[in-house]
Every structure is written in C-alpha cells, then in structure tokens.
>>> print(open('target_31.cif').read())   # mmCIF, C-alpha atoms
data_coords
#
loop_
_atom_site.label_atom_id
_atom_site.label_comp_id
_atom_site.auth_asym_id
_atom_site.auth_seq_id
_atom_site.Cartn_x
_atom_site.Cartn_y
_atom_site.Cartn_z
CA MET A 1 8.33 20.60 1.55
CA SER A 2 7.22 18.45 4.42
CA ALA A 3 8.89 18.19 7.81
CA PRO A 4 11.07 15.17 8.64
CA ARG A 5 8.91 12.12 8.73
CA GLU A 6 7.79 10.71 12.06
CA GLN A 7 8.99 7.12 12.50
CA LEU A 8 6.12 4.78 13.34
CA LEU A 9 6.03 1.34 14.93
CA ARG A 10 3.72 -0.70 12.70
CA VAL A 11 2.27 -4.19 13.02
CA GLN A 12 1.68 -5.43 9.45
CA ASN A 13 -0.19 -8.47 8.15
CA PHE A 14 -0.35 -10.06 11.60
CA MET A 15 -2.35 -13.24 11.09
CA LEU A 16 -4.92 -14.32 13.61
CA SER A 17 -7.70 -16.89 13.99
CA THR A 18 -11.30 -15.90 14.63
CA ASP A 19 -10.80 -16.89 18.26
CA GLY A 20 -7.83 -14.54 18.59
CA PHE A 21 -4.84 -16.90 18.38
CA GLY A 22 -1.73 -16.18 16.35
CA THR A 23 -0.12 -19.55 16.98
CA GLY A 24 -0.98 -22.93 18.41
CA GLU A 25 0.48 -24.96 21.23
CA GLY A 26 3.71 -27.00 21.10
CA GLN A 27 6.13 -25.03 18.91
CA SER A 28 9.03 -27.07 17.47
CA ILE A 29 11.50 -26.80 14.58
CA GLU A 30 9.15 -28.84 12.43
CA ARG A 31 6.03 -26.99 13.57
CA PRO A 32 6.70 -23.25 14.07
CA PHE A 33 2.98 -22.72 14.78
CA GLY A 34 2.61 -25.76 17.04
CA HIS A 35 -0.62 -27.67 16.50
CA ALA A 36 -2.04 -24.87 14.33
CA ASP A 37 -1.82 -25.00 10.53
CA PRO A 38 -0.19 -21.74 9.36
CA SER A 39 -1.28 -22.29 5.76
CA ARG A 40 -4.86 -21.68 6.82
CA LEU A 41 -3.91 -18.40 8.48
CA ALA A 42 -1.85 -17.27 5.51
CA ALA A 43 -3.96 -18.49 2.57
CA TRP A 44 -5.34 -14.98 1.89
CA ALA A 45 -1.81 -13.56 1.59
CA GLY A 46 -0.37 -16.42 -0.44
CA ALA A 47 -3.04 -15.90 -3.10
CA THR A 48 -1.95 -12.31 -3.84
CA ALA A 49 0.40 -11.11 -6.57
CA SER A 50 2.66 -9.29 -4.09
CA TRP A 51 3.23 -12.16 -1.66
CA PRO A 52 7.01 -12.11 -1.13
CA ASN A 53 7.40 -15.89 -1.28
CA ARG A 54 5.40 -16.26 -4.50
CA ALA A 55 7.15 -18.76 -6.75
CA GLU A 56 5.11 -18.27 -9.93
CA PRO A 57 3.67 -15.23 -11.72
CA GLY A 58 0.01 -14.44 -11.26
CA GLY A 59 -1.99 -13.90 -8.11
CA THR A 60 -4.81 -11.58 -7.18
CA ARG A 61 -4.51 -7.79 -7.25
CA GLY A 62 -7.56 -6.87 -5.19
CA LEU A 63 -7.86 -5.64 -1.61
CA ASP A 64 -5.67 -8.33 -0.03
CA ASP A 65 -2.84 -7.41 -2.39
CA TYR A 66 -2.73 -3.88 -0.95
CA PHE A 67 -1.80 -5.43 2.38
CA THR A 68 0.88 -7.80 1.10
CA ARG A 69 2.25 -4.99 -1.12
CA ASP A 70 2.45 -2.71 1.89
CA PHE A 71 4.38 -5.21 4.03
CA SER A 72 7.82 -3.72 3.32
CA HIS A 73 6.71 -0.28 2.17
CA GLY A 74 8.46 2.40 4.19
CA ILE A 75 9.91 -0.16 6.65
CA GLY A 76 13.56 0.10 7.65
CA ALA A 77 13.82 -2.46 10.46
CA GLU A 78 11.86 -5.21 12.20
CA ILE A 79 11.55 -6.24 15.83
CA MET A 80 10.53 -9.82 16.59
CA GLY A 81 10.34 -12.14 19.57
CA ARG A 82 12.76 -15.03 19.83
CA GLY A 83 10.02 -17.52 18.94
CA LYS A 84 9.71 -16.01 15.46
CA PHE A 85 13.40 -16.75 14.86
CA GLY A 86 13.45 -20.27 16.25
CA PRO A 87 11.97 -22.61 18.87
CA GLN A 88 14.96 -22.75 21.21
CA GLN A 89 14.52 -21.64 24.81
CA GLY A 90 17.18 -20.78 27.38
CA PRO A 91 20.90 -20.54 26.51
CA TRP A 92 21.81 -21.35 22.88
CA GLU A 93 23.31 -24.82 22.67
CA SER A 94 24.79 -24.09 19.25
CA TYR A 95 24.99 -21.17 16.82
CA GLU A 96 24.86 -23.45 13.82
CA TRP A 97 21.15 -23.31 13.09
CA GLU A 98 20.32 -19.87 11.65
CA GLY A 99 16.58 -19.65 12.06
CA TRP A 100 13.46 -20.56 10.13
CA TRP A 101 13.85 -17.98 7.39
CA GLY A 102 16.29 -19.63 4.99
CA ASP A 103 18.99 -18.01 2.89
CA GLU A 104 16.69 -15.25 1.59
CA PRO A 105 14.65 -14.00 4.53
CA PRO A 106 11.73 -11.79 3.49
CA PHE A 107 12.74 -8.86 5.71
CA HIS A 108 15.58 -7.18 3.75
CA THR A 109 16.44 -4.94 6.72
CA PRO A 110 18.05 -5.21 10.14
CA VAL A 111 15.92 -7.44 12.39
CA PHE A 112 16.13 -7.16 16.18
CA VAL A 113 15.37 -10.46 17.90
CA LEU A 114 14.42 -10.04 21.56
CA THR A 115 16.01 -12.66 23.76
CA HIS A 116 17.50 -12.94 27.23
CA HIS A 117 20.33 -14.88 25.56
CA PRO A 118 22.16 -12.70 23.02
CA ARG A 119 24.35 -14.31 20.35
CA PRO A 120 26.45 -12.89 17.48
CA SER A 121 24.56 -11.19 14.65
CA ILE A 122 23.75 -13.22 11.51
CA SER A 123 23.56 -11.82 7.97
CA LEU A 124 21.56 -13.83 5.45
CA SER A 125 21.34 -12.09 2.06
CA ASP A 126 20.20 -8.50 2.80
CA THR A 127 18.71 -9.32 6.21
CA THR A 128 20.80 -9.06 9.39
CA PHE A 129 19.50 -10.54 12.64
CA HIS A 130 20.68 -8.84 15.84
CA PHE A 131 19.96 -10.57 19.15
CA ILE A 132 19.30 -8.16 21.99
CA ASP A 133 18.22 -8.40 25.60
CA ALA A 134 16.27 -5.16 25.90
CA SER A 135 13.01 -3.64 27.09
CA PRO A 136 10.45 -2.82 24.39
CA ALA A 137 11.33 0.89 24.60
CA GLU A 138 15.06 0.22 24.27
CA ALA A 139 14.54 -2.25 21.42
CA LEU A 140 12.44 0.33 19.60
CA ARG A 141 15.13 2.96 20.12
CA GLN A 142 17.76 0.67 18.56
CA ALA A 143 15.47 -0.36 15.69
CA LYS A 144 14.58 3.26 14.85
CA ALA A 145 18.26 4.20 14.85
CA ALA A 146 18.93 1.35 12.38
CA ALA A 147 15.92 2.08 10.16
CA GLY A 148 17.40 4.95 8.16
CA GLY A 149 14.52 7.28 8.97
CA LEU A 150 11.90 4.74 7.94
CA ASP A 151 9.26 2.99 10.05
CA VAL A 152 9.82 -0.08 12.19
CA ARG A 153 7.74 -3.22 11.77
CA LEU A 154 6.75 -5.13 14.88
CA GLY A 155 6.74 -8.66 13.57
CA GLY A 156 5.32 -10.64 16.49
CA GLY A 157 4.67 -13.20 17.78
CA VAL A 158 1.69 -12.66 19.98
CA ALA A 159 3.58 -12.19 23.25
CA THR A 160 5.85 -9.59 21.66
CA VAL A 161 2.92 -7.63 20.23
CA ARG A 162 1.22 -7.75 23.61
CA ASP A 163 4.37 -6.48 25.36
CA PHE A 164 4.66 -3.51 22.99
CA LEU A 165 0.94 -2.75 23.30
CA ALA A 166 1.29 -2.83 27.09
CA ALA A 167 4.19 -0.37 26.81
CA ASP A 168 2.00 1.81 24.56
CA LEU A 169 4.60 1.83 21.79
CA VAL A 170 2.49 0.63 18.83
CA ASP A 171 1.36 3.34 16.38
CA THR A 172 -0.56 1.33 13.79
CA MET A 173 -1.65 -2.28 13.65
CA HIS A 174 -3.06 -4.41 10.85
CA VAL A 175 -4.42 -7.79 11.91
CA ALA A 176 -5.84 -10.20 9.32
CA VAL A 177 -8.38 -12.56 10.86
CA ALA A 178 -8.74 -15.76 8.84
CA PRO A 179 -11.87 -17.95 9.00
CA VAL A 180 -10.25 -20.65 11.14
CA GLU A 181 -10.23 -21.48 14.86
CA ILE A 182 -7.08 -22.50 16.75
CA GLY A 183 -8.48 -23.01 20.23
CA ARG A 184 -5.29 -22.87 22.32
CA GLY A 185 -1.79 -21.42 22.05
CA GLY A 186 -0.69 -17.78 21.79
CA ARG A 187 -3.63 -15.43 22.02
CA LEU A 188 -3.59 -11.76 21.01
CA TRP A 189 -7.07 -10.87 22.20
CA GLU A 190 -10.45 -12.17 23.15
CA SER A 191 -11.94 -9.32 21.12
CA PRO A 192 -10.50 -6.38 19.14
CA ASP A 193 -12.71 -4.18 21.32
CA GLU A 194 -10.04 -4.48 24.03
CA LEU A 195 -8.00 -1.90 22.10
CA LEU A 196 -10.68 0.68 21.48
CA ASP A 197 -9.74 2.88 24.42
CA ARG A 198 -6.45 3.73 22.75
CA PHE A 199 -6.97 3.08 19.04
CA HIS A 200 -9.26 3.96 16.19
CA HIS A 201 -10.49 0.75 14.62
CA GLU A 202 -11.78 -0.20 11.19
CA GLU A 203 -13.00 -3.68 10.32
CA VAL A 204 -12.82 -4.40 6.59
CA PRO A 205 -14.12 -7.74 5.27
CA SER A 206 -12.30 -8.90 2.16
CA PRO A 207 -13.97 -10.88 -0.63
CA SER A 208 -11.41 -13.62 0.12
CA GLY A 209 -13.05 -14.32 3.49
CA VAL A 210 -10.36 -12.75 5.67
CA VAL A 211 -11.31 -9.72 7.78
CA HIS A 212 -8.76 -6.94 7.99
CA HIS A 213 -8.65 -5.05 11.29
CA LEU A 214 -6.91 -1.68 11.14
CA PHE A 215 -5.92 0.24 14.25
CA TRP A 216 -4.25 3.57 14.68
CA ARG A 217 -3.64 5.71 17.74
CA ARG A 218 -6.36 8.00 19.03
CA MET B 1 15.47 -14.71 -6.41
CA SER B 2 12.53 -13.50 -8.46
CA ALA B 3 12.53 -12.85 -12.19
CA PRO B 4 12.67 -9.27 -13.51
CA ARG B 5 9.50 -7.54 -12.53
CA GLU B 6 6.72 -7.10 -15.06
CA GLN B 7 5.91 -3.39 -15.56
CA LEU B 8 2.22 -2.71 -15.06
CA LEU B 9 0.00 0.16 -16.16
CA ARG B 10 -1.97 1.12 -13.06
CA VAL B 11 -4.84 3.54 -12.50
CA GLN B 12 -4.57 4.68 -8.87
CA ASN B 13 -6.99 6.66 -6.70
CA PHE B 14 -9.12 7.67 -9.67
CA MET B 15 -11.99 9.66 -8.16
CA LEU B 16 -15.50 9.22 -9.45
CA SER B 17 -19.06 10.22 -8.55
CA THR B 18 -21.77 7.65 -7.89
CA ASP B 19 -23.16 8.43 -11.35
CA GLY B 20 -19.80 7.65 -12.95
CA PHE B 21 -18.37 11.12 -13.64
CA GLY B 22 -14.76 12.08 -12.98
CA THR B 23 -15.20 15.73 -13.84
CA GLY B 24 -17.96 18.23 -14.53
CA GLU B 25 -18.74 20.43 -17.49
CA GLY B 26 -17.00 23.71 -18.36
CA GLN B 27 -13.32 23.25 -17.42
CA SER B 28 -11.35 26.49 -16.97
CA ILE B 29 -8.15 27.64 -15.24
CA GLU B 30 -10.19 28.59 -12.20
CA ARG B 31 -12.30 25.42 -12.27
CA PRO B 32 -10.26 22.37 -13.33
CA PHE B 33 -13.29 20.16 -12.67
CA GLY B 34 -15.82 22.48 -14.33
CA HIS B 35 -19.12 22.75 -12.46
CA ALA B 36 -18.18 19.83 -10.18
CA ASP B 37 -16.64 20.39 -6.75
CA PRO B 38 -13.44 18.33 -6.58
CA SER B 39 -13.22 18.66 -2.81
CA ARG B 40 -16.27 16.41 -2.51
CA LEU B 41 -14.62 13.76 -4.70
CA ALA B 42 -11.32 13.99 -2.81
CA ALA B 43 -12.51 14.38 0.78
CA TRP B 44 -11.80 10.71 1.61
CA ALA B 45 -8.19 11.05 0.46
CA GLY B 46 -7.56 14.43 2.05
CA ALA B 47 -8.50 13.01 5.45
CA THR B 48 -5.74 10.40 5.39
CA ALA B 49 -2.28 10.63 6.95
CA SER B 50 -0.53 9.81 3.66
CA TRP B 51 -2.27 12.40 1.46
CA PRO B 52 0.64 14.02 -0.42
CA ASN B 53 -0.71 17.54 -0.07
CA ARG B 54 -1.32 17.26 3.66
CA ALA B 55 -0.16 20.47 5.33
CA GLU B 56 -0.42 19.41 8.97
CA PRO B 57 0.42 16.23 10.88
CA GLY B 58 -2.36 13.84 11.73
CA GLY B 59 -4.91 12.18 9.50
CA THR B 60 -6.50 8.76 9.47
CA ARG B 61 -4.51 5.53 9.08
CA GLY B 62 -7.33 3.15 8.22
CA LEU B 63 -8.33 1.59 4.90
CA ASP B 64 -8.36 4.82 2.88
CA ASP B 65 -4.78 5.50 3.93
CA TYR B 66 -3.60 2.28 2.24
CA PHE B 67 -4.79 3.77 -1.04
CA THR B 68 -3.20 7.20 -0.64
CA ARG B 69 -0.01 5.54 0.65
CA ASP B 70 0.08 3.32 -2.42
CA PHE B 71 -0.28 6.23 -4.88
CA SER B 72 3.45 6.52 -5.61
CA HIS B 73 4.53 3.07 -4.46
CA GLY B 74 6.43 1.30 -7.24
CA ILE B 75 5.54 4.00 -9.80
CA GLY B 76 8.25 5.33 -12.11
CA ALA B 77 6.25 7.47 -14.56
CA GLU B 78 2.77 8.87 -15.18
CA ILE B 79 0.72 9.29 -18.32
CA MET B 80 -2.00 11.95 -18.32
CA GLY B 81 -4.32 13.64 -20.78
CA ARG B 82 -3.76 17.28 -21.64
CA GLY B 83 -6.78 18.32 -19.59
CA LYS B 84 -5.06 17.17 -16.40
CA PHE B 85 -2.18 19.56 -17.13
CA GLY B 86 -4.24 22.59 -18.12
CA PRO B 87 -7.46 23.73 -19.77
CA GLN B 88 -5.97 25.01 -23.03
CA GLN B 89 -7.16 23.52 -26.29
CA GLY B 90 -5.54 23.72 -29.74
CA PRO B 91 -2.10 25.26 -30.31
CA TRP B 92 -0.38 26.71 -27.22
CA GLU B 93 -0.65 30.50 -27.26
CA SER B 94 2.14 30.80 -24.70
CA TYR B 95 4.53 28.53 -22.80
CA GLU B 96 4.50 30.78 -19.77
CA TRP B 97 1.81 29.03 -17.76
CA GLU B 98 3.21 25.74 -16.43
CA GLY B 99 0.11 23.81 -15.46
CA TRP B 100 -2.09 23.39 -12.45
CA TRP B 101 0.41 21.54 -10.29
CA GLY B 102 2.52 24.33 -8.82
CA ASP B 103 6.24 24.30 -8.04
CA GLU B 104 6.09 20.94 -6.22
CA PRO B 105 3.90 18.63 -8.30
CA PRO B 106 2.90 15.44 -6.47
CA PHE B 107 4.25 13.11 -9.18
CA HIS B 108 8.05 13.07 -8.55
CA THR B 109 8.66 11.18 -11.82
CA PRO B 110 8.56 11.84 -15.55
CA VAL B 111 5.00 12.66 -16.66
CA PHE B 112 3.89 12.16 -20.26
CA VAL B 113 1.15 14.59 -21.27
CA LEU B 114 -0.80 13.45 -24.32
CA THR B 115 -1.51 16.31 -26.71
CA HIS B 116 -1.70 16.91 -30.44
CA HIS B 117 0.36 20.05 -29.76
CA PRO B 118 3.77 19.17 -28.29
CA ARG B 119 5.79 21.84 -26.47
CA PRO B 120 9.19 21.79 -24.73
CA SER B 121 9.47 19.68 -21.58
CA ILE B 122 9.08 21.41 -18.20
CA SER B 123 10.86 20.41 -14.97
CA LEU B 124 9.26 21.49 -11.72
CA SER B 125 11.10 20.18 -8.68
CA ASP B 126 11.54 16.42 -9.27
CA THR B 127 8.70 16.15 -11.80
CA THR B 128 9.35 16.57 -15.53
CA PHE B 129 6.43 17.01 -17.92
CA HIS B 130 6.97 15.74 -21.47
CA PHE B 131 4.37 16.64 -24.11
CA ILE B 132 3.87 13.95 -26.71
CA ASP B 133 1.55 13.34 -29.64
CA ALA B 134 1.29 9.58 -29.49
CA SER B 135 -1.09 6.65 -29.50
CA PRO B 136 -1.81 4.99 -26.15
CA ALA B 137 0.51 2.08 -27.01
CA GLU B 138 3.37 4.40 -28.04
CA ALA B 139 2.87 6.62 -24.96
CA LEU B 140 3.01 3.54 -22.76
CA ARG B 141 6.19 2.37 -24.47
CA GLN B 142 7.86 5.73 -23.79
CA ALA B 143 6.61 5.86 -20.20
CA LYS B 144 7.83 2.32 -19.44
CA ALA B 145 11.24 3.16 -20.87
CA ALA B 146 11.42 6.21 -18.58
CA ALA B 147 10.13 4.41 -15.48
CA GLY B 148 13.37 2.71 -14.45
CA GLY B 149 11.79 -0.72 -14.34
CA LEU B 150 8.89 0.43 -12.19
CA ASP B 151 5.19 0.59 -13.01
CA VAL B 152 3.45 3.39 -14.89
CA ARG B 153 0.49 5.27 -13.44
CA LEU B 154 -2.33 6.23 -15.78
CA GLY B 155 -3.44 9.50 -14.25
CA GLY B 156 -6.58 10.34 -16.23
CA GLY B 157 -8.74 12.21 -16.97
CA VAL B 158 -11.73 10.17 -17.91
CA ALA B 159 -11.20 10.30 -21.70
CA THR B 160 -7.59 9.16 -21.30
CA VAL B 161 -8.55 6.23 -19.09
CA ARG B 162 -11.23 5.26 -21.58
CA ASP B 163 -8.75 5.39 -24.47
CA PHE B 164 -6.30 3.10 -22.66
CA LEU B 165 -9.09 0.72 -21.65
CA ALA B 166 -10.25 0.61 -25.28
CA ALA B 167 -6.69 -0.25 -26.33
CA ASP B 168 -6.63 -2.97 -23.63
CA LEU B 169 -3.48 -1.55 -22.03
CA VAL B 170 -4.66 -1.18 -18.41
CA ASP B 171 -3.43 -3.87 -15.99
CA THR B 172 -4.95 -2.71 -12.68
CA MET B 173 -7.42 0.01 -11.81
CA HIS B 174 -8.49 1.52 -8.50
CA VAL B 175 -11.52 3.81 -8.68
CA ALA B 176 -12.80 5.54 -5.53
CA VAL B 177 -16.49 6.37 -5.80
CA ALA B 178 -17.50 9.22 -3.50
CA PRO B 179 -21.07 9.72 -2.28
CA VAL B 180 -21.77 12.67 -4.60
CA GLU B 181 -23.50 13.08 -7.97
CA ILE B 182 -22.10 15.23 -10.80
CA GLY B 183 -24.77 14.70 -13.46
CA ARG B 184 -22.87 15.84 -16.56
CA GLY B 185 -19.28 16.17 -17.77
CA GLY B 186 -16.66 13.47 -18.25
CA ARG B 187 -18.05 10.02 -17.59
CA LEU B 188 -15.99 6.87 -17.02
CA TRP B 189 -18.86 4.41 -16.91
CA GLU B 190 -22.55 3.95 -16.40
CA SER B 191 -21.72 0.94 -14.25
CA PRO B 192 -18.50 -0.84 -13.26
CA ASP B 193 -20.09 -4.00 -14.65
CA GLU B 194 -19.05 -2.77 -18.11
CA LEU B 195 -15.52 -3.95 -17.31
CA LEU B 196 -16.30 -7.43 -16.00
CA ASP B 197 -15.64 -9.19 -19.27
CA ARG B 198 -11.95 -8.32 -19.01
CA PHE B 199 -11.31 -7.65 -15.33
CA HIS B 200 -11.71 -9.21 -11.93
CA HIS B 201 -13.58 -6.76 -9.73
CA GLU B 202 -13.79 -6.18 -5.99
CA GLU B 203 -16.04 -3.57 -4.42
CA VAL B 204 -14.84 -2.50 -0.97
CA PRO B 205 -16.92 -0.01 1.04
CA SER B 206 -14.80 2.14 3.35
CA PRO B 207 -16.02 3.38 6.73
CA SER B 208 -15.45 6.90 5.34
CA GLY B 209 -18.35 6.50 2.91
CA VAL B 210 -16.28 6.12 -0.25
CA VAL B 211 -16.45 2.80 -2.13
CA HIS B 212 -13.19 1.45 -3.52
CA HIS B 213 -13.46 -0.47 -6.79
CA LEU B 214 -10.48 -2.67 -7.61
CA PHE B 215 -9.96 -4.21 -11.03
CA TRP B 216 -7.26 -6.47 -12.36
CA ARG B 217 -6.93 -8.36 -15.60
CA ARG B 218 -8.58 -11.72 -15.99
#
>>> encode(input="target_31.cif", output="structure tokens")
Amino acid sequence: MSAPREQLLRVQNFMLSTDGFGTGEGQSIERPFGHADPSRLAAWAGATASWPNRAEPGGTRGLDDYFTRDFSHGIGAEIMGRGKFGPQQGPWESYEWEGWWGDEPPFHTPVFVLTHHPRPSISLSDTTFHFIDASPAEALRQAKAAAGGLDVRLGGGVATVRDFLAADLVDTMHVAVAPVEIGRGGRLWESPDELLDRFHHEEVPSPSGVVHHLFWRR
Amino acid sequence: MSAPREQLLRVQNFMLSTDGFGTGEGQSIERPFGHADPSRLAAWAGATASWPNRAEPGGTRGLDDYFTRDFSHGIGAEIMGRGKFGPQQGPWESYEWEGWWGDEPPFHTPVFVLTHHPRPSISLSDTTFHFIDASPAEALRQAKAAAGGLDVRLGGGVATVRDFLAADLVDTMHVAVAPVEIGRGGRLWESPDELLDRFHHEEVPSPSGVVHHLFWRR
C-alpha cells in the first residue's frame, strides 16, 4: 500500500497567447477577457469530448482531450483571483450578482476567491465560493484543508498564478498556448524559459495547433 | 446537466515495440513476455509519478504522466485475455496459482478474463477476476454491467485487442510505442495506418522517446 498522498498545487489548462497573455485589457461584465477573444484561446479545449461545457455529444478524443479530461481529476478545491469571479474592484456594492459562472459552475468543489474585500460564501450547485483576504501560503493552507486529501487547482488569472509562482507554491503547471496574439493585458511570461531554473519543462505540440507546456518542480 | 454518460471501451497504455509487437515468443510463468524484455517496453511509464507500482516518491510529471494518471480514470471494469492472467493453456490443472498480479493487483475493479476454461472467481484486495467463456460482444456486455456506469478498459494482450478491433467494439485506443524491437511474438500491427479507415489517429512523440498513438472512432 502506498503512503498518504502528497497534496499538490496544480495549474491546469491555463490558456495563453503566443505572446504570453492570458487576458486582454479592459475587463468588464460583458467582456471577462477585455479586448481579447477568449474563444480563440479556448477553441482547442472546446473541440474535445471531455470539455465540461460541451452541449452536444461528440468531440475529439486525441491528445487535447487528455488535458480537458484531467481538469477535475484528483482536484478537491480551487484557488482563484477575484477577477476570475467577477470584474468588480474595491468594496462590493451589492451581493446580488453571483459571478460569471452561472448556476452550474464547472468546479464542483470549494473555490477560494482571493480578495481584499471578503463577502459571505455562495453555493451554486455543488460549487461553493469562499471569499478570503489571505496570503498565497494561507490560501493554500485553507484550500488543502478543504480538499479532502486531494490536490488543489490554481485557477488563475495571470496575476494570481504569478503571485503563487513568486511564493514558490506551484507544484505542476500546464499552460496551453493557442496560435493567437493578444498584445496587451495580463501577461504570464515573456518566455517559458523564465521558469526553467525551478521547473522541468516539456513542450508538446498538439495536432490541433495548440502547444501544451508542462512544468513540474525540479 | 448532461445526459447519462456513454460507456466506452478503451485501450489504455498498451505497450508496443516499433515493429508492432506487444509480447515476445515463449511465454512462461517466469517470462510473461517470452523472449522480450518488458522493462524496455514499460520504462517510459515506470519513470512517471503516477505509475501505480511506484515504490518511492518522485517521478516525472510531464506528458507521459498524463497517460499513467489516466490509466484508471473513469474505468469501472477490465477485460483481458487469459495470457494476461497466466501462461496456462487448456484445462486448469490447479486453482492454487492466482495469476501474475500479486496480492494487490493494479486494477481495483472487476476483471473479466476470457478463457474457454472457466474457473471460480478470485478476489485479491479490491480486484476480482471473473473467468468467462464468451464472445467479445458478450464479454463487453458483462463488463459494462459490472462497471457501475463507468468505462471498460480492454487490457490486452495483442490477440484480445485484435479480436475486439475485428468485432468493431473498441471506442478509443492509446498505444505507446517504445524505441525497442521485438522481432517475433504477438503482433498488433505492421503499421498503425491499418486502423485509419475506422479511427482518427494522432501520433504524439514524447520527450522520453516513446511515441503515443491515440485513436478514436470516426
């Protein structure tokens, strides 16, 4: 029998442009990715059989499907920045709006939203959003405690991933680089080489045109 | 909410030589793969963090790890040929020997062993081996019924995979071709192109040197 499983912090299916941006400029309720078109970043995932938002049967079952299939596999909680929940900044003016994710959010676990302005938790179907004002290390501690022994997904956005990388808390990271340029907005890197001092790195081109970058701790 | 999930028959992590062999010649209790050296076929998988038989922490978390991690993901039963259970042929001379898989088999589900010589079922830890004399279609029916709504893994060996391909029962297939030649024994194909009339095909080279072949129904 194996020893109790180590709980990892994993970035999964993080979508990036060839010039290193995860989102554009000018986020709003109508445009969560600002001037950037998220459908071009996500096209590779939406084509797969395991895409959680797939409305009809079918879809590809090649390499890209391993990544969409793995999105929730072994994950017991997510951590995200406030901008992935909604575009509001500063104190909440109302609690009425419950985020971009609809009545059936694709997380199915506790989600810890990092914000300097906590608000009461929200349960939508089997996802519960908790709003916490915490350092990356403290947020990870809370998420691991809530994850039932499973791994924690670091959901982004870019600034949140950068904060957790700076705190050296990320164990594995999968970034899918789509063949599109964004030009300005939230940038993860100028080059994946910036991470090579701390991570192993594999670069795997998919027949779909996306390039999967896989990192794990040295 | 999504409709009830279709149950697939999936070949996962099937290990092959560059010349298309899954096993060598002259199988025996001491040499399950005959003259071939299985460690050379399996080296890519054994190096990964998610390899089920891993004895020590560590291991790679790149592309190959997605495949070992996916081995049991969504699987509720396995079907295997008799040769994957043991080397005996013809009527069982004794029920004492309980297969190659030890006290903790890596399946953790019901396993249906195809044989013209049924014997009583065997439970080893959370794996139960059932021995059935059945056509591929009937074996699949029994395995799906036992899989609790999940998919069924087709475990091999080569002759079993070929039988299920001939019966057009395989939905997805992952074959990992290692950089080794076997020369004689059990052969899956002369070329993966033999399957292109019925399957989509992606060929994904891994940095480890193995080449992953992914097939799904057209």
>>> resolve_selection(input="target_31.cif", expression="the PyMOL selection byres ((chain A) within 10 of (chain B))", output="PyMOL selection string")
chain A and resi 1-3+5-6+52-57+60-63+66-67+69-70+73-74+104+171-174+200-208+212-218
>>> write_last_selection(input="target_31.cif", atoms="C-alpha atoms", output="compact mmCIF listing (two decimals), in the coordinates of the input")
# COMPACT_ATOMS: atom_id res chain seq x y z
CA MET A 1 8.33 20.60 1.55
CA SER A 2 7.22 18.45 4.42
CA ALA A 3 8.89 18.19 7.81
CA ARG A 5 8.91 12.12 8.73
CA GLU A 6 7.79 10.71 12.06
CA PRO A 52 7.01 -12.11 -1.13
CA ASN A 53 7.40 -15.89 -1.28
CA ARG A 54 5.40 -16.26 -4.50
CA ALA A 55 7.15 -18.76 -6.75
CA GLU A 56 5.11 -18.27 -9.93
CA PRO A 57 3.67 -15.23 -11.72
CA THR A 60 -4.81 -11.58 -7.18
CA ARG A 61 -4.51 -7.79 -7.25
CA GLY A 62 -7.56 -6.87 -5.19
CA LEU A 63 -7.86 -5.64 -1.61
CA TYR A 66 -2.73 -3.88 -0.95
CA PHE A 67 -1.80 -5.43 2.38
CA ARG A 69 2.25 -4.99 -1.12
CA ASP A 70 2.45 -2.71 1.89
CA HIS A 73 6.71 -0.28 2.17
CA GLY A 74 8.46 2.40 4.19
CA GLU A 104 16.69 -15.25 1.59
CA ASP A 171 1.36 3.34 16.38
CA THR A 172 -0.56 1.33 13.79
CA MET A 173 -1.65 -2.28 13.65
CA HIS A 174 -3.06 -4.41 10.85
CA HIS A 200 -9.26 3.96 16.19
CA HIS A 201 -10.49 0.75 14.62
CA GLU A 202 -11.78 -0.20 11.19
CA GLU A 203 -13.00 -3.68 10.32
CA VAL A 204 -12.82 -4.40 6.59
CA PRO A 205 -14.12 -7.74 5.27
CA SER A 206 -12.30 -8.90 2.16
CA PRO A 207 -13.97 -10.88 -0.63
CA SER A 208 -11.41 -13.62 0.12
CA HIS A 212 -8.76 -6.94 7.99
CA HIS A 213 -8.65 -5.05 11.29
CA LEU A 214 -6.91 -1.68 11.14
CA PHE A 215 -5.92 0.24 14.25
CA TRP A 216 -4.25 3.57 14.68
CA ARG A 217 -3.64 5.71 17.74
CA ARG A 218 -6.36 8.00 19.03
>>> resolve_selection(input="target_31.cif", expression="the PyMOL selection byres ((chain B and resi 32) around 10)", output="PyMOL selection string")
chain B and resi 23-31+33-38+83-87+100
>>> resolve_selection(input="target_31.cif", expression="the PyMOL selection byres ((chain A and resi 124-132) around 7)", output="list of chain:residue names")
A:Asp103, A:Glu104, A:Pro105, A:Phe107, A:His108, A:Thr109, A:Pro110, A:Val111, A:Phe112, A:Val113, A:Leu114, A:Thr115, A:Pro118, A:Arg119, A:Ser121, A:Ile122, A:Ser123, A:Asp133, A:Ala134
>>> residues_around(input="target_31.cif", residues="A:Leu16", least_positions_apart="6", cutoff="12 Å", atoms="all atoms listed in the file", output="ChimeraX atom specification")
/A:22-24,33,36-44,156-158,174-183,185-192,210-213
>>> atom_distance(input="target_31.cif", atom1="atom CA of A:Arg10", atom2="atom CA of A:Ala143")
12.1 Å
>>> residues_around(input="target_31.cif", residues="B:Leu150", least_positions_apart="4", cutoff="7 Å", atoms="all atoms listed in the file", output="VMD selection string")
chain B and resid 7 74 to 76
>>> write_last_selection(input="target_31.cif", atoms="C-alpha atoms", output="PDB file, in the coordinates of the input")
ATOM      1  CA  GLN B   7       5.910  -3.390 -15.560  1.00  0.00           C
ATOM      2  CA  GLY B  74       6.430   1.300  -7.240  1.00  0.00           C
ATOM      3  CA  ILE B  75       5.540   4.000  -9.800  1.00  0.00           C
ATOM      4  CA  GLY B  76       8.250   5.330 -12.110  1.00  0.00           C
TER       5      GLY B  76
END
>>> atom_distance(input="target_31.cif", atom1="atom CA of A:Val152", atom2="atom CA of B:Gly59")
19.4 Å
>>> axis_aligned_box(input="target_31.cif", around="stretch 158-168 of chain A", padding_each_side="3 Å", output="JSON")
{"center_x": 3.4, "center_y": -5.4, "center_z": 23.5, "size_x": 10.9, "size_y": 20.5, "size_z": 13.1}
